[in-house]
Amino acid sequence: FVTVEDFPPVFVDVCGVLLPKKTKDITESKTKKASQDIEEFIYTPTAEKNMITLALAVSQKRPVMLDGITGSGKTALISELANLTGNTDVIKVHLGDQADAKILLGTYICTDIPGEFKWQPGALTQAVRDGRWIVIEDIDLAPMDVLSLLIPLLETRELFIPGRGEVIKAANGFQLFSTRTMATLGSANANLLSNLWNRIVIEPLSSEELTILIERKYPPLSSVVDKFIRTYNVLLKNEDVPDAQDIVPGDSNVSIYRSGRFISLRDLLKWCKRVYAIHRTTIEQGNVDVIRESIFEEAVDCFSGMISK
């Protein structure tokens, strides 16, 4: 049988999928900073399945679009895969309905010399030129004039910069990702370009996997994690559905939209992180009753803080 040890070190085994590993030298400071920014990725069965799907998509060397509900871990998956493959200099760009081409392509900026300008490349230009990974988050919210800039890159791996009349061919190692929230209220323009992407769907974690995730990240909360999960499911109006994979944003029977955005796993983890940081010692001592009110106040802030007064 052939094993990963039979391949040269320029390859890495990602959940059974062999991918090339970046060998370009990165300065020690960048590597150190990247390692500090990366949180531990918890491989639950669903997370591992999602990682295999993503790794297979990347192996095809095509632009990859990740669809999933809010907080399903789309960006976290890309960050983990980037870490495993040595692409620790990944660029992340968040697009909104007010975004313009300058964010991606670049613009001219003033220099120290009066009347002199120099070209400042944008995030996408840097990634294409240097052969880096780039993630365009919430691409469904971007206006059509910004999305149209991606068409040549998606089709031919060449980026055209109109203001300079320049065409940049993607360097080796370049990989384009985008994320899109299912059932979003954003622009539908991204649907027009969806056939140019290698589209994958990221499945959310089940309630049992959420329990594993919280216990791994915040061990002292093990004694109360079931109450946190139940509260979260109540807020999702989903306590009668045994598996969180059955959550469908926009379903008439599932009310998970609050004041302009969906309640998501991010809110749950934010709540757990706060309680862990503030009441870790008290919970470890088993004195949960004395901090019930404080835990409730943190929940109100995490899950309802976005609601305008």
# chains A, B, ... in the order shown; residues from 1 in each chain; ligands from 1
$ closest_atom_pairs --of "segment 31-84 of chain A" --to "segment 259-283 of chain A" --cutoff "8 Å" --atoms "only C-alpha atoms" --output "CSV"
residue,atom,partner,partner_atom,distance
A:Thr70,CA,A:Ser264,CA,5.7
A:Gly71,CA,A:Leu265,CA,5.0
A:Ser72,CA,A:Leu265,CA,7.0
$ residues_around --residues "Thr231 of chain A" --least-positions-apart "4" --cutoff "12 Å" --atoms "only C-alpha atoms" --output "compact mmCIF listing (two decimals) with N, CA, C and O atoms, in the first residue's frame"
# COMPACT_ATOMS: atom_id res chain seq x y z
N SER A 207 -25.91 19.17 17.51
CA SER A 207 -25.88 19.56 18.92
C SER A 207 -24.83 18.76 19.69
O SER A 207 -24.14 19.30 20.57
N VAL A 224 -21.88 22.51 32.62
CA VAL A 224 -23.04 23.34 32.27
C VAL A 224 -23.26 23.44 30.76
O VAL A 224 -24.13 24.17 30.31
N VAL A 225 -22.45 22.70 29.98
CA VAL A 225 -22.52 22.86 28.54
C VAL A 225 -23.88 22.47 27.99
O VAL A 225 -24.37 23.07 27.00
N ASP A 226 -24.56 21.51 28.60
CA ASP A 226 -25.88 21.11 28.11
C ASP A 226 -26.88 22.24 28.22
O ASP A 226 -27.75 22.42 27.35
N LYS A 227 -26.77 23.06 29.27
CA LYS A 227 -27.67 24.21 29.43
C LYS A 227 -27.36 25.28 28.39
O LYS A 227 -28.27 25.96 27.88
N LEU A 235 -33.19 29.65 21.37
CA LEU A 235 -33.11 30.91 20.63
C LEU A 235 -33.25 30.69 19.13
O LEU A 235 -33.74 31.54 18.41
N LEU A 236 -32.84 29.52 18.68
CA LEU A 236 -33.01 29.19 17.27
C LEU A 236 -34.40 28.68 16.96
O LEU A 236 -34.71 28.38 15.81
N LYS A 237 -35.23 28.55 18.01
CA LYS A 237 -36.56 27.95 17.84
C LYS A 237 -36.43 26.55 17.27
O LYS A 237 -37.21 26.12 16.41
N ASN A 238 -35.43 25.85 17.75
CA ASN A 238 -35.09 24.58 17.13
C ASN A 238 -35.01 23.44 18.14
O ASN A 238 -34.45 22.40 17.87
N GLU A 239 -35.57 23.61 19.33
CA GLU A 239 -35.39 22.59 20.36
C GLU A 239 -36.12 21.29 20.04
O GLU A 239 -35.83 20.25 20.61
N ASP A 267 -22.14 33.46 18.14
CA ASP A 267 -22.72 34.04 19.34
C ASP A 267 -22.62 33.09 20.52
O ASP A 267 -22.33 33.49 21.64
N LEU A 268 -22.86 31.80 20.25
CA LEU A 268 -22.75 30.80 21.31
C LEU A 268 -21.31 30.72 21.84
O LEU A 268 -21.10 30.71 23.06
N TRP A 271 -20.42 33.71 23.93
CA TRP A 271 -21.01 33.60 25.27
C TRP A 271 -20.15 32.67 26.14
O TRP A 271 -19.82 33.00 27.29
N CYS A 272 -19.80 31.52 25.60
CA CYS A 272 -18.97 30.57 26.35
C CYS A 272 -17.62 31.17 26.72
O CYS A 272 -17.12 30.97 27.83
N ILE A 295 -24.32 34.99 34.20
CA ILE A 295 -24.32 34.18 32.98
C ILE A 295 -25.47 34.62 32.07
O ILE A 295 -25.31 34.73 30.85
N PHE A 296 -26.63 34.87 32.68
CA PHE A 296 -27.78 35.32 31.90
C PHE A 296 -27.50 36.68 31.25
O PHE A 296 -27.82 36.90 30.08
N ALA A 299 -25.41 36.30 28.25
CA ALA A 299 -26.19 35.74 27.15
C ALA A 299 -27.00 36.82 26.46
O ALA A 299 -27.07 36.87 25.22
N VAL A 300 -27.62 37.68 27.25
CA VAL A 300 -28.42 38.78 26.68
C VAL A 300 -27.54 39.67 25.80
O VAL A 300 -27.93 40.06 24.69
N PHE A 303 -26.35 37.56 22.50
CA PHE A 303 -27.38 37.18 21.54
C PHE A 303 -28.30 38.34 21.14
O PHE A 303 -28.97 38.27 20.11
$ select_by_dssp --residues "segment 55-284 of chain A" --states "helix (DSSP H, G or I)" --output "short mmCIF file (atom, residue, chain, number, x, y, z; two decimals) with C-alpha atoms, in the first residue's frame"
data_model
loop_
_atom_site.label_atom_id
_atom_site.label_comp_id
_atom_site.auth_asym_id
_atom_site.auth_seq_id
_atom_site.Cartn_x
_atom_site.Cartn_y
_atom_site.Cartn_z
CA ALA A 55 -9.49 19.68 0.28
CA LEU A 56 -10.90 17.83 -2.73
CA ALA A 57 -12.17 21.11 -4.18
CA VAL A 58 -8.77 22.78 -3.73
CA SER A 59 -7.02 19.81 -5.34
CA LYS A 74 -16.52 28.45 6.36
CA THR A 75 -13.63 30.81 7.06
CA ALA A 76 -12.31 28.63 9.89
CA LEU A 77 -12.04 25.68 7.49
CA ILE A 78 -10.04 27.73 4.99
CA SER A 79 -7.75 29.02 7.76
CA GLU A 80 -7.08 25.48 8.99
CA LEU A 81 -6.38 24.20 5.49
CA ALA A 82 -4.09 27.17 4.86
CA ASN A 83 -2.19 26.35 8.03
CA LEU A 84 -1.82 22.68 7.08
CA ALA A 101 -12.87 47.98 -6.97
CA LYS A 102 -10.07 49.80 -5.13
CA ILE A 103 -10.24 47.30 -2.29
CA LEU A 104 -9.43 44.43 -4.63
CA ALA A 123 -5.59 42.72 -1.83
CA LEU A 124 -6.54 40.69 -4.91
CA THR A 125 -3.70 42.15 -6.98
CA GLN A 126 -1.17 41.21 -4.30
CA ALA A 127 -2.53 37.67 -4.05
CA VAL A 128 -2.48 37.11 -7.83
CA ARG A 129 0.99 38.59 -8.22
CA ASP A 130 2.59 36.78 -5.28
CA ILE A 139 -19.26 37.76 -1.78
CA ASP A 140 -23.06 37.71 -2.11
CA LEU A 141 -23.15 41.23 -0.64
CA MET A 144 -22.11 43.69 -9.56
CA ASP A 145 -19.43 46.11 -10.78
CA VAL A 146 -17.00 44.64 -8.24
CA LEU A 147 -17.95 41.04 -9.05
CA SER A 148 -17.46 41.66 -12.77
CA LEU A 149 -13.76 42.27 -12.11
CA LEU A 150 -13.43 38.63 -11.10
CA ILE A 151 -14.73 37.15 -14.37
CA PRO A 152 -11.39 37.10 -16.29
CA LEU A 153 -9.65 35.72 -13.21
CA LEU A 154 -12.24 33.00 -12.76
CA GLU A 155 -12.12 32.01 -16.42
CA THR A 156 -8.45 32.37 -17.38
CA PRO A 162 -8.49 48.79 -16.15
CA GLY A 163 -6.87 51.93 -14.67
CA ARG A 164 -3.40 50.74 -15.66
CA ASN A 189 -25.49 39.09 -8.02
CA ALA A 190 -23.11 36.36 -6.88
CA ASN A 191 -25.54 33.79 -8.26
CA LEU A 192 -24.78 35.04 -11.76
CA LEU A 193 -21.15 33.95 -11.40
CA SER A 194 -21.72 30.78 -9.39
CA ASN A 195 -21.14 28.55 -12.42
CA LEU A 196 -17.55 29.84 -12.59
CA SER A 207 -25.88 19.56 18.92
CA GLU A 208 -23.70 16.66 20.04
CA GLU A 209 -20.74 18.05 18.11
CA LEU A 210 -21.33 21.50 19.57
CA THR A 211 -21.02 19.92 23.00
CA ILE A 212 -17.70 18.33 22.03
CA LEU A 213 -16.48 21.63 20.60
CA ILE A 214 -17.26 23.64 23.74
CA GLU A 215 -15.85 21.01 26.09
CA ARG A 216 -12.60 20.94 24.11
CA LYS A 217 -12.24 24.71 23.95
CA PRO A 219 -13.13 22.32 29.67
CA PRO A 220 -14.45 23.93 32.90
CA LEU A 221 -17.82 24.48 31.19
CA SER A 222 -18.40 20.74 30.81
CA SER A 223 -20.77 20.69 33.77
CA VAL A 225 -22.52 22.86 28.54
CA ASP A 226 -25.88 21.11 28.11
CA LYS A 227 -27.67 24.21 29.43
CA PHE A 228 -25.71 26.43 27.04
CA ILE A 229 -26.64 24.23 24.07
CA ARG A 230 -30.30 24.06 25.10
CA THR A 231 -30.46 27.84 25.47
CA TYR A 232 -28.89 28.23 22.04
CA ASN A 233 -31.42 25.84 20.47
CA VAL A 234 -34.31 27.63 22.15
CA LEU A 235 -33.11 30.91 20.63
CA ALA A 244 -28.79 20.97 13.99
CA GLN A 245 -28.19 19.93 10.37
CA ASP A 246 -31.94 20.25 9.91
CA LEU A 265 -22.52 29.56 16.43
CA ARG A 266 -20.30 32.63 16.76
CA ASP A 267 -22.72 34.04 19.34
CA LEU A 268 -22.75 30.80 21.31
CA LEU A 269 -18.94 30.58 21.38
CA LYS A 270 -18.71 34.25 22.31
CA TRP A 271 -21.01 33.60 25.27
CA CYS A 272 -18.97 30.57 26.35
CA LYS A 273 -15.70 32.47 26.02
CA ARG A 274 -16.96 35.31 28.21
CA VAL A 275 -18.32 33.03 30.91
CA TYR A 276 -15.10 31.02 30.86
CA ALA A 277 -12.95 34.14 31.20
CA ILE A 278 -15.00 35.70 34.00
CA HIS A 279 -16.26 32.74 36.04
CA ARG A 280 -13.81 29.92 35.35
CA THR A 281 -12.77 29.46 38.99
CA THR A 282 -16.33 29.64 40.31
CA ILE A 283 -17.55 27.02 37.83
CA GLU A 284 -14.63 24.72 38.63
#
$ select_by_dssp --residues "segment 108-235 of chain A" --states "strand (DSSP E or B)" --output "ChimeraX atom specification"
/A:108-110,117-121,133-137,158-161,166-169,175-181,198-201
$ residues_around --residues "Trp119 of chain A" --least-positions-apart "3" --cutoff "10 Å" --atoms "only C-alpha atoms" --output "list in words"
Gly106, Thr107, Tyr108, Ile109, Cys110, Thr111, Gly122 and Arg164 of chain A
$ write_last_selection --atoms "N, CA and C atoms" --output "tab-separated table (two decimals), in the first residue's frame"
chain	number	residue	atom	x	y	z
A	106	GLY	N	-6.65	48.02	-6.27
A	106	GLY	CA	-5.66	48.97	-5.81
A	106	GLY	C	-5.99	50.38	-6.26
A	107	THR	N	-5.14	51.33	-5.91
A	107	THR	CA	-5.37	52.72	-6.27
A	107	THR	C	-4.06	53.49	-6.18
A	108	TYR	N	-4.06	54.71	-6.70
A	108	TYR	CA	-2.89	55.57	-6.59
A	108	TYR	C	-2.98	56.36	-5.28
A	109	ILE	N	-1.85	56.45	-4.60
A	109	ILE	CA	-1.80	57.18	-3.33
A	109	ILE	C	-0.70	58.24	-3.39
A	110	CYS	N	-0.82	59.24	-2.53
A	110	CYS	CA	0.17	60.31	-2.47
A	110	CYS	C	1.47	59.83	-1.86
A	111	THR	N	2.57	60.42	-2.28
A	111	THR	CA	3.88	60.14	-1.69
A	111	THR	C	4.31	61.34	-0.85
A	122	GLY	N	-4.06	46.46	-4.58
A	122	GLY	CA	-5.09	46.00	-3.65
A	122	GLY	C	-4.85	44.56	-3.23
A	164	ARG	N	-4.80	50.81	-15.25
A	164	ARG	CA	-3.40	50.74	-15.66
A	164	ARG	C	-3.20	50.01	-16.98
$ closest_residue --among "A:Ile42, A:Leu66, A:Leu19, A:Met51" --to "Asp138 of chain A" --atoms "only C-alpha atoms"
A:Leu66
$ atom_distance --atom1 "atom CA of Thr179 of chain A" --atom2 "atom CA of Glu137 of chain A"
4.9 Å
